[in-house]
Every structure is written in C-alpha cells, then in structure tokens.
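K.L.:
For reference, this is query_13.cif, and it has mmCIF, C-alpha atoms.
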```cif
data_data
loop_
_atom_site.group_PDB
_atom_site.id
_atom_site.type_symbol
_atom_site.label_atom_id
_atom_site.label_comp_id
_atom_site.auth_asym_id
_atom_site.auth_seq_id
_atom_site.Cartn_x
_atom_site.Cartn_y
_atom_site.Cartn_z
ATOM 1 C CA ASN A 105 132.391 64.749 147.567
ATOM 2 C CA PHE A 106 132.983 67.429 144.933
ATOM 3 C CA ARG A 107 132.533 68.030 141.226
ATOM 4 C CA SER A 108 134.995 69.801 138.980
ATOM 5 C CA ARG A 109 134.149 70.579 135.365
ATOM 6 C CA LEU A 110 136.899 69.494 132.997
ATOM 7 C CA THR A 111 135.844 71.200 129.740
ATOM 8 C CA THR A 112 134.081 74.541 129.365
ATOM 9 C CA ASP A 113 133.895 75.005 125.592
ATOM 10 C CA PRO A 114 130.270 75.423 124.401
ATOM 11 C CA ALA A 115 130.815 72.721 121.745
ATOM 12 C CA THR A 116 129.873 69.074 122.200
ATOM 13 C CA ASP A 117 132.482 67.084 124.192
ATOM 14 C CA MET A 118 131.976 63.315 124.550
ATOM 15 C CA TYR A 119 133.544 59.830 124.700
ATOM 16 C CA PRO A 120 136.147 60.615 127.412
ATOM 17 C CA VAL A 121 139.065 58.202 127.900
ATOM 18 C CA TRP A 122 141.629 58.393 130.703
ATOM 19 C CA ALA A 123 145.294 58.557 129.777
ATOM 20 C CA PRO A 124 147.120 55.555 131.308
ATOM 21 C CA ASP A 125 149.011 57.803 133.737
ATOM 22 C CA GLY A 126 145.760 59.387 134.981
ATOM 23 C CA ARG A 127 147.058 62.906 134.391
ATOM 24 C CA SER A 128 144.916 63.803 131.392
ATOM 25 C CA VAL A 129 141.718 62.866 129.580
ATOM 26 C CA TYR A 130 141.270 62.333 125.859
ATOM 27 C CA PHE A 131 137.862 63.061 124.348
ATOM 28 C CA THR A 132 135.940 63.788 121.148
ATOM 29 C CA SER A 133 134.763 67.333 120.361
ATOM 30 C CA ASP A 134 133.422 69.370 117.447
ATOM 31 C CA ARG A 135 134.799 72.663 118.785
ATOM 32 C CA ASP A 136 136.720 73.266 115.547
ATOM 33 C CA GLY A 137 133.790 72.417 113.284
ATOM 34 C CA ASP A 138 134.192 68.698 112.621
ATOM 35 C CA PHE A 139 134.508 66.044 115.310
ATOM 36 C CA GLY A 140 138.104 65.318 116.291
ATOM 37 C CA VAL A 141 140.257 64.090 119.191
ATOM 38 C CA TYR A 142 141.527 66.323 122.012
ATOM 39 C CA ARG A 143 143.511 65.983 125.234
ATOM 40 C CA GLN A 144 142.922 67.979 128.419
ATOM 41 C CA GLU A 145 145.267 67.895 131.413
ATOM 42 C CA ILE A 146 143.646 67.324 134.798
ATOM 43 C CA GLY A 147 143.789 70.563 136.753
ATOM 44 C CA GLY A 148 145.375 72.364 133.836
ATOM 45 C CA ALA A 149 144.333 75.920 133.100
ATOM 46 C CA GLY A 150 145.188 75.745 129.403
ATOM 47 C CA GLN A 151 142.967 74.876 126.464
ATOM 48 C CA ALA A 152 142.499 71.311 125.310
ATOM 49 C CA GLU A 153 145.176 70.140 122.901
ATOM 50 C CA PRO A 154 144.007 68.798 119.506
ATOM 51 C CA ILE A 155 145.474 65.429 118.536
ATOM 52 C CA GLU A 156 146.228 65.021 114.853
ATOM 53 C CA VAL A 157 144.477 62.013 113.369
ATOM 54 C CA GLY A 158 143.132 61.347 109.876
ATOM 55 C CA GLU A 159 140.961 63.719 107.868
ATOM 56 C CA GLY A 160 137.184 63.848 108.267
ATOM 57 C CA THR A 161 134.985 63.072 111.252
ATOM 58 C CA SER A 162 136.982 61.238 113.950
ATOM 59 C CA MET A 163 135.479 59.708 117.100
ATOM 60 C CA LEU A 164 137.824 58.601 119.884
ATOM 61 C CA CYS A 165 137.604 54.948 120.970
ATOM 62 C CA ASP A 166 140.545 54.203 123.280
ATOM 63 C CA VAL A 167 144.178 54.852 124.215
ATOM 64 C CA SER A 168 146.644 51.955 124.361
ATOM 65 C CA PRO A 169 147.958 50.903 127.820
ATOM 66 C CA ASP A 170 151.432 52.251 127.004
ATOM 67 C CA GLY A 171 149.901 55.632 126.172
ATOM 68 C CA LEU A 172 151.415 55.706 122.672
ATOM 69 C CA THR A 173 148.512 54.842 120.385
ATOM 70 C CA ILE A 174 144.968 56.115 119.842
ATOM 71 C CA ALA A 175 142.194 53.980 118.371
ATOM 72 C CA TYR A 176 139.438 55.964 116.687
ATOM 73 C CA ALA A 177 136.530 55.566 114.282
ATOM 74 C CA ALA A 178 136.438 57.855 111.267
ATOM 75 C CA ILE A 179 134.333 58.823 108.279
ATOM 76 C CA ALA A 180 136.552 60.097 105.502
ATOM 77 C CA GLY A 181 136.147 61.036 101.863
ATOM 78 C CA SER A 182 132.931 59.973 100.149
ATOM 79 C CA SER A 183 132.309 57.115 102.593
ATOM 80 C CA SER A 184 129.218 57.210 104.787
ATOM 81 C CA ASN A 185 130.380 54.455 107.134
ATOM 82 C CA MET A 186 132.667 54.481 110.160
ATOM 83 C CA ASP A 187 135.993 52.627 109.854
ATOM 84 C CA LEU A 188 138.492 51.882 112.608
ATOM 85 C CA TRP A 189 141.980 53.380 112.631
ATOM 86 C CA THR A 190 144.940 53.746 114.954
ATOM 87 C CA VAL A 191 147.569 56.474 115.064
ATOM 88 C CA ASP A 192 150.621 57.202 117.189
ATOM 89 C CA ILE A 193 149.957 60.075 119.588
ATOM 90 C CA SER A 194 153.396 61.464 118.708
ATOM 91 C CA GLY A 195 152.125 62.162 115.196
ATOM 92 C CA GLU A 196 155.292 60.665 113.707
ATOM 93 C CA THR A 197 153.484 57.970 111.698
ATOM 94 C CA GLU A 198 150.541 57.867 109.318
ATOM 95 C CA PRO A 199 147.205 56.452 110.569
ATOM 96 C CA ARG A 200 146.932 52.674 110.309
ATOM 97 C CA SER A 201 143.766 50.867 109.264
ATOM 98 C CA LEU A 202 142.433 48.733 112.098
ATOM 99 C CA ARG A 203 139.221 47.506 110.446
ATOM 100 C CA GLN A 204 137.467 48.569 107.239
ATOM 101 C CA THR A 205 134.294 46.847 106.092
ATOM 102 C CA ALA A 206 131.291 47.823 103.983
ATOM 103 C CA ALA A 207 129.424 48.388 107.273
ATOM 104 C CA ASN A 208 130.055 50.518 110.370
ATOM 105 C CA ASP A 209 132.960 49.607 112.675
ATOM 106 C CA GLY A 210 133.770 51.245 116.005
ATOM 107 C CA ALA A 211 134.157 51.125 119.808
ATOM 108 C CA ALA A 212 137.671 49.616 119.739
ATOM 109 C CA GLN A 213 139.112 48.781 123.178
ATOM 110 C CA PHE A 214 142.700 47.710 123.933
ATOM 111 C CA SER A 215 143.138 44.980 126.542
ATOM 112 C CA PRO A 216 144.980 46.129 129.707
ATOM 113 C CA ASP A 217 147.984 43.932 128.846
ATOM 114 C CA GLY A 218 148.147 45.408 125.337
ATOM 115 C CA GLN A 219 147.867 41.991 123.675
ATOM 116 C CA TRP A 220 144.354 42.305 122.236
ATOM 117 C CA VAL A 221 141.930 44.777 120.742
ATOM 118 C CA ALA A 222 138.167 44.280 120.863
ATOM 119 C CA TYR A 223 135.804 46.187 118.602
ATOM 120 C CA TRP A 224 132.233 46.430 117.356
ATOM 121 C CA SER A 225 131.155 45.879 113.744
ATOM 122 C CA GLU A 226 127.949 45.529 111.726
ATOM 123 C CA GLU A 227 129.685 43.518 108.981
ATOM 124 C CA SER A 228 127.452 40.476 109.652
ATOM 125 C CA GLY A 229 124.300 42.571 109.339
ATOM 126 C CA THR A 230 123.928 42.815 113.135
ATOM 127 C CA GLY A 231 126.201 44.667 115.548
ATOM 128 C CA GLN A 232 128.607 42.150 117.104
ATOM 129 C CA VAL A 233 131.750 42.227 119.255
ATOM 130 C CA TYR A 234 135.000 40.938 117.749
ATOM 131 C CA LEU A 235 138.476 40.306 119.095
ATOM 132 C CA ALA A 236 141.898 40.306 117.403
ATOM 133 C CA PRO A 237 145.519 40.200 118.604
ATOM 134 C CA TRP A 238 147.307 43.525 118.714
ATOM 135 C CA PRO A 239 149.124 44.635 116.631
ATOM 136 C CA GLU A 240 148.869 41.649 114.247
ATOM 137 C CA LEU A 241 145.049 41.972 113.927
ATOM 138 C CA THR A 242 144.666 38.388 112.728
ATOM 139 C CA PRO A 243 143.010 35.977 113.313
ATOM 140 C CA ILE A 244 139.708 37.644 114.208
ATOM 141 C CA HIS A 245 137.351 36.002 116.735
ATOM 142 C CA GLN A 246 133.651 36.806 117.116
ATOM 143 C CA VAL A 247 132.907 37.200 120.828
ATOM 144 C CA SER A 248 129.169 37.929 120.993
ATOM 145 C CA THR A 249 126.655 35.369 119.756
ATOM 146 C CA THR A 250 123.391 37.283 119.341
ATOM 147 C CA SER A 251 124.385 40.971 119.350
ATOM 148 C CA GLY A 252 126.953 43.173 121.007
ATOM 149 C CA GLY A 253 128.098 46.749 121.390
ATOM 150 C CA TRP A 254 129.890 48.665 124.176
ATOM 151 C CA MET A 255 132.544 46.578 125.911
ATOM 152 C CA PHE A 256 134.854 46.583 128.950
ATOM 153 C CA TRP A 257 138.034 44.637 129.731
ATOM 154 C CA ARG A 258 138.635 43.069 133.118
ATOM 155 C CA GLY A 259 141.947 44.250 134.533
ATOM 156 C CA ASP A 260 143.708 40.901 134.078
ATOM 157 C CA SER A 261 142.755 40.792 130.362
ATOM 158 C CA LYS A 262 141.207 37.358 130.909
ATOM 159 C CA ALA A 263 137.577 38.406 130.411
ATOM 160 C CA LEU A 264 135.678 40.739 128.112
ATOM 161 C CA ILE A 265 132.369 42.201 129.267
ATOM 162 C CA TYR A 266 129.974 43.645 126.691
ATOM 163 C CA GLN A 267 126.394 44.820 126.209
ATOM 164 C CA GLU A 268 123.950 43.110 123.915
ATOM 165 C CA GLY A 269 121.720 45.313 121.779
ATOM 166 C CA ASN A 270 118.942 45.189 124.378
ATOM 167 C CA GLY A 271 121.390 46.319 127.069
ATOM 168 C CA THR A 272 121.975 42.958 128.778
ATOM 169 C CA VAL A 273 125.525 42.839 130.163
ATOM 170 C CA MET A 274 127.419 39.664 129.242
ATOM 171 C CA ALA A 275 130.848 38.270 130.165
ATOM 172 C CA VAL A 276 133.132 36.026 128.110
ATOM 173 C CA ASP A 277 136.311 34.387 129.434
ATOM 174 C CA LEU A 278 139.464 34.357 127.308
ATOM 175 C CA ILE A 279 141.158 30.973 127.692
ATOM 176 C CA GLU A 280 144.697 30.406 126.428
ATOM 177 C CA ASP A 281 145.126 26.899 125.018
ATOM 178 C CA GLY A 282 148.772 26.603 124.069
ATOM 179 C CA ASP A 283 149.281 28.956 121.148
ATOM 180 C CA ARG A 284 145.549 29.211 120.544
ATOM 181 C CA LEU A 285 142.801 31.263 122.119
ATOM 182 C CA ARG A 286 139.471 29.781 123.186
ATOM 183 C CA LEU A 287 136.464 31.858 124.132
ATOM 184 C CA GLY A 288 134.123 30.753 126.878
ATOM 185 C CA ALA A 289 130.367 30.824 126.418
ATOM 186 C CA PRO A 290 128.805 34.261 127.079
ATOM 187 C CA VAL A 291 127.381 34.473 130.611
ATOM 188 C CA LYS A 292 124.687 36.971 131.576
ATOM 189 C CA LEU A 293 125.637 39.317 134.405
ATOM 190 C CA PHE A 294 122.610 41.638 134.645
ATOM 191 C CA ASP A 295 120.048 43.611 132.642
ATOM 192 C CA HIS A 296 120.587 47.244 131.715
ATOM 193 C CA ALA A 297 119.015 49.845 129.441
ATOM 194 C CA PRO A 298 119.282 49.253 125.674
ATOM 195 C CA ILE A 299 122.454 50.411 123.948
ATOM 196 C CA LYS A 300 122.653 54.121 123.130
ATOM 197 C CA VAL A 301 124.874 55.784 120.534
ATOM 198 C CA GLU A 302 125.855 58.471 123.061
ATOM 199 C CA GLY A 303 127.817 55.950 125.126
ATOM 200 C CA PRO A 304 127.546 52.844 127.297
ATOM 201 C CA TRP A 305 125.940 54.660 130.257
ATOM 202 C CA LEU A 306 127.882 52.392 132.609
ATOM 203 C CA ASP A 307 131.470 51.579 133.527
ATOM 204 C CA MET A 308 133.235 48.754 135.343
ATOM 205 C CA THR A 309 135.994 48.558 137.947
ATOM 206 C CA ALA A 310 139.183 46.804 136.880
ATOM 207 C CA ASP A 311 138.402 43.713 138.969
ATOM 208 C CA GLY A 312 135.008 43.332 137.296
ATOM 209 C CA GLN A 313 133.178 43.297 140.639
ATOM 210 C CA ARG A 314 131.427 46.676 140.534
ATOM 211 C CA PHE A 315 129.610 48.723 137.902
ATOM 212 C CA LEU A 316 128.736 52.389 137.877
ATOM 213 C CA ALA A 317 125.549 52.864 135.838
ATOM 214 C CA VAL A 318 123.377 55.779 134.754
ATOM 215 C CA ASN A 319 119.681 55.305 135.430
ATOM 216 C CA SER A 320 118.548 56.094 131.894
ATOM 217 C CA ALA A 321 114.877 55.945 132.836
ATOM 218 C CA ALA A 322 115.386 58.638 135.465
ATOM 219 C CA ALA A 323 117.474 60.665 133.005
ATOM 220 C CA ASP A 324 114.658 60.927 130.457
ATOM 221 C CA PRO A 325 112.821 64.278 130.600
ATOM 222 C CA PRO A 326 109.167 64.201 131.674
ATOM 223 C CA PRO A 327 106.637 64.269 128.806
ATOM 224 C CA TYR A 328 105.000 67.431 130.183
ATOM 225 C CA CYS A 329 105.082 69.904 133.041
ATOM 226 C CA ASP A 330 102.324 71.675 134.994
ATOM 227 C CA VAL A 331 102.290 75.457 135.269
ATOM 228 C CA ILE A 332 100.170 76.837 138.127
ATOM 229 C CA LEU A 333 98.994 80.405 137.697
ATOM 230 C CA ASN A 334 97.952 82.629 140.588
ATOM 231 C CA TRP A 335 99.299 80.081 143.040
ATOM 232 C CA PRO A 336 99.096 82.462 146.054
ATOM 233 C CA GLY A 337 95.299 82.269 145.758
ATOM 234 C CA MET A 338 95.476 78.530 146.515
ATOM 235 C CA ILE A 339 96.930 79.119 149.965
ATOM 236 C CA ASP A 340 94.454 79.007 152.818
ATOM 237 C CA ARG A 341 94.718 82.194 154.815
ATOM 238 C CA PRO A 342 93.541 82.672 158.435
#
```
Now, as a test, write the supplied structure out as structure tokens.

P.N.:
Amino acid sequence: NFRSRLTTDPATDMYPVWAPDGRSVYFTSDRDGDFGVYRQEIGGAGQAEPIEVGEGTSMLCDVSPDGLTIAYAAIAGSSSNMDLWTVDISGETEPRSLRQTAANDGAAQFSPDGQWVAYWSEESGTGQVYLAPWPELTPIHQVSTTSGGWMFWRGDSKALIYQEGNGTVMAVDLIEDGDRLRLGAPVKLFDHAPIKVEGPWLDMTADGQRFLAVNSAAADPPPYCDVILNWPGMIDRP
C-alpha cells in the first residue's frame, strides 16, 4: 500500500473525477481566485491545466464516458443559485444549459453508457434526484421519492444509487419498456451519515457490490483535548 499526493497547491482542491481513460483527474479548485475546473495528469510533474468553462463560480460534477464533455454547476452574474451546464472539453463550443431553475441544481452524473444524465435539484422545495436522456434532456423523470442528493451509476447503466437527505443509500432500477422508461421502486441498501456539501463521503464499485465509505463520526475532531503539565512528575521512580 502507498499514498501519492496528486495536488500540492495550497488552495482548496475538491470534487475529483477520473477521466475515462484513467490517465488524469479533473477537479474543482479556487487556486486562481474563483472556483473553476482543472485537470491533472497522473504522475505528471507539470501544473494542473485549467479547463475553460463559463464565467463565475464553477463546480465540477462529471465527465462524459467518451471524455468529450464536462458537466458542472455554476453561479454566474447576479444569480445566487447554482445552475447546471455542460461544455466540450475541447473548448470549441459555448457552454450549454443542462438545467436552470429558480432553485439550486447540481451533482450531475452521466450514465456509463452515455444515454442518461442524473442530477440533483431543489426545484420542488426539497432536494430530489432527477433523470433525463442525454443529450435530449427531455422528458425528465423524478427518481427519488422523499429526498435525494449524491448519486452513483451501476456499471451497466441499469440502476441508479443515491443518498437520501439523512444519508440512507437507496437503489432504483431503470427498466426499458419498449420506447419508454420505467423506474422501479426505491430500495434501501444501508444507512450512512447524512449528506454533506463537501461530497458524498462514499463511492461504489462499477458492479454495485461494494462501497468505500468514510467514517464521518471518526473524522469529526474531538470537542476538547487534555494538556498535562509537568508530566515527568507523574512517573513513579524507584
């Protein structure tokens, strides 16, 4: 086992996403002042490469399976809410609106087969998970029934796993019915810590059989610490 630090800039680096070829990692950073999207090669000695997206604060969500498109959430202009956008990594096209509502939208995830995009939105008043075909983006299906946030695709694109607001991990099957899509009833997989803005604090293998989770309770700092002065005087001496 070994650890190798990928980024060394003193700025905040977060929301990492693997490139489909596994040779680089995309992430969000505020190293140039405002949050934007960057790419760092694995094992590369050079600096992270900024990826041109729209103006304003941009938070990386995902990279499409073909490696050509980035999905990101952005706050631009006088708006105070996050909207979802996509942009070609080549920079040859203008950003495309993925979802804009009067509420916050984010956490977009492309399905492994590139046919769907799932995302999170507060447009109903409560954070929920939604699903739409890519790139048509219509019709839109609501996946979660009570609440929903961070999500993961199973490798065959036939199931979407997501967290409810309280952290419970749920699974929903995607069932093709001719030219229509049916969603199975959400099934509880296991309990986890409540959703955090910093990230899902867990990840899933492509087959959906294993999860890697952060023990958030253990990660919380202790409420106090004890300082013992003159500790040598506490040692019994012969």

K.L.:
What is the distance between atom CA of A:Asp117 and atom CA of A:Ser261, in Å to one decimal?

P.N.:
28.9 Å

K.L.:
Expand the PyMOL selection byres ((chain A and resi 108-114) around 10) into the explicit residue set it covers here, and present it as a ChimeraX atom specification.

P.N.:
/A:106-107,115-117,128-129,131,133-135,144-149,151-152

K.L.:
Contacts of A:Glu159 at 12 Å or less, counting only C-alpha atoms, minus same-chain residues fewer than 5 places along, as number ranges by chain?

P.N.:
A: 138-141, 176-182, 189, 198-199

K.L.:
Write the residues of the selection above to a file with C-alpha atoms, as a CSV table (one decimal), in the frame of the given file.

P.N.:
```csv
chain,number,residue,atom,x,y,z
A,138,ASP,CA,134.2,68.7,112.6
A,139,PHE,CA,134.5,66.0,115.3
A,140,GLY,CA,138.1,65.3,116.3
A,141,VAL,CA,140.3,64.1,119.2
A,176,TYR,CA,139.4,56.0,116.7
A,177,ALA,CA,136.5,55.6,114.3
A,178,ALA,CA,136.4,57.9,111.3
A,179,ILE,CA,134.3,58.8,108.3
A,180,ALA,CA,136.6,60.1,105.5
A,181,GLY,CA,136.1,61.0,101.9
A,182,SER,CA,132.9,60.0,100.1
A,189,TRP,CA,142.0,53.4,112.6
A,198,GLU,CA,150.5,57.9,109.3
A,199,PRO,CA,147.2,56.5,110.6
```

K.L.:
Could you please determine the separation between atom CA of A:His245 and atom CA of A:Thr132 in Å, to one decimal place?

P.N.:
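Answer for the atom CA of A:His245 to atom CA of A:Thr132 separation: 28.2 Å.
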
K.L.:
Rank nothing, just name the residue among A:Met274, A:Leu202, A:Leu264, A:Ala212 nearest to A:Leu241, using all atoms listed in the file.

P.N.:
A:Leu202

K.L.:
Smallest atom-to-atom distance to A:Gln219: which of A:Asp192, A:Gly253, A:Thr272, A:Leu278, using all atoms listed in the file?

P.N.:
A:Leu278

K.L.:
Which residues are close to stretch 194-196 of chain A, i.e. within 12 Å by only C-alpha atoms, leaving aside same-chain residues fewer than 2 positions away? Reply as a count of residues only.

P.N.:
15

K.L.:
Please evaluate the PyMOL selection byres ((chain A and resi 318) around 7) against the structure above and give the resulting residues as a PyMOL selection string.

P.N.:
chain A and resi 305-306+317+319-320

K.L.:
Could you write out that same residue set with C-alpha atoms as a short mmCIF file (atom, residue, chain, number, x, y, z; two decimals), in the frame of the given file?

P.N.:
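Printed below is out.cif as written:
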```
data_model
loop_
_atom_site.label_atom_id
_atom_site.label_comp_id
_atom_site.auth_asym_id
_atom_site.auth_seq_id
_atom_site.Cartn_x
_atom_site.Cartn_y
_atom_site.Cartn_z
CA TRP A 305 125.94 54.66 130.26
CA LEU A 306 127.88 52.39 132.61
CA ALA A 317 125.55 52.86 135.84
CA ASN A 319 119.68 55.30 135.43
CA SER A 320 118.55 56.09 131.89
#
```

K.L.:
Measuring atom to atom with all atoms listed in the file, identify which of A:Gly288, A:Gly218, A:Asp283, A:Arg258 is nearest to A:Gln246.

P.N.:
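Of A:Gly288, A:Gly218, A:Asp283, A:Arg258, the one nearest A:Gln246 is A:Gly288, counting all atoms listed in the file.
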
K.L.:
For this structure, which residues satisfy the selection - the PyMOL selection byres ((chain A and resi 225) around 12) - when it is evaluated on the file as given? I want them as a PyMOL selection string.

P.N.:
chain A and resi 177+185-188+202-212+222-224+226-235+244+246-248+251-254

K.L.:
What gap, in Å, lies between atom CA of A:Glu280 and atom CA of A:Asp217?

P.N.:
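Distance between the two atoms: 14.1 Å.
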
K.L.:
Determine, counting all atoms listed in the file, which protein, DNA and RNA residues have an atom within 12 Å of an atom of A:Lys292; residues of the same chain fewer than 6 positions away are not included. Present the result as a PyMOL selection string.

P.N.:
chain A and resi 248+265-268+271-276

K.L.:
Let me have the centre and edge lengths of the axis-aligned box enclosing all listed atoms of stretch 281-299 of chain A with 8 Å padding on every side, in Å to one decimal, as JSON.

P.N.:
```
{"center_x": 134.1, "center_y": 38.5, "center_z": 127.6, "size_x": 46.3, "size_y": 39.8, "size_z": 30.1}
```

K.L.:
Can you tell me, as a ChimeraX atom specification, what residues are no more than 8 Å from A:Trp257 when counting all atoms listed in the file, ignoring any on the same chain fewer than 5 positions away?

P.N.:
/A:213,215-216,263-265,310

K.L.:
Considering only C-alpha atoms, can you say which of A:Gly312, A:Gly150, A:Trp238, A:Asp307 comes closest to A:Lys262?

P.N.:
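Comparing A:Gly312, A:Gly150, A:Trp238, A:Asp307 against A:Lys262, the winner is A:Gly312.
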
K.L.:
Could you check the closest approach to A:Tyr119 for each of A:Ser201, A:Asp136, A:Ala297, A:Met163 and tell me which residue wins, using only C-alpha atoms?

P.N.:
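Going through A:Ser201, A:Asp136, A:Ala297, A:Met163 one by one, the smallest distance to A:Tyr119 is for A:Met163.
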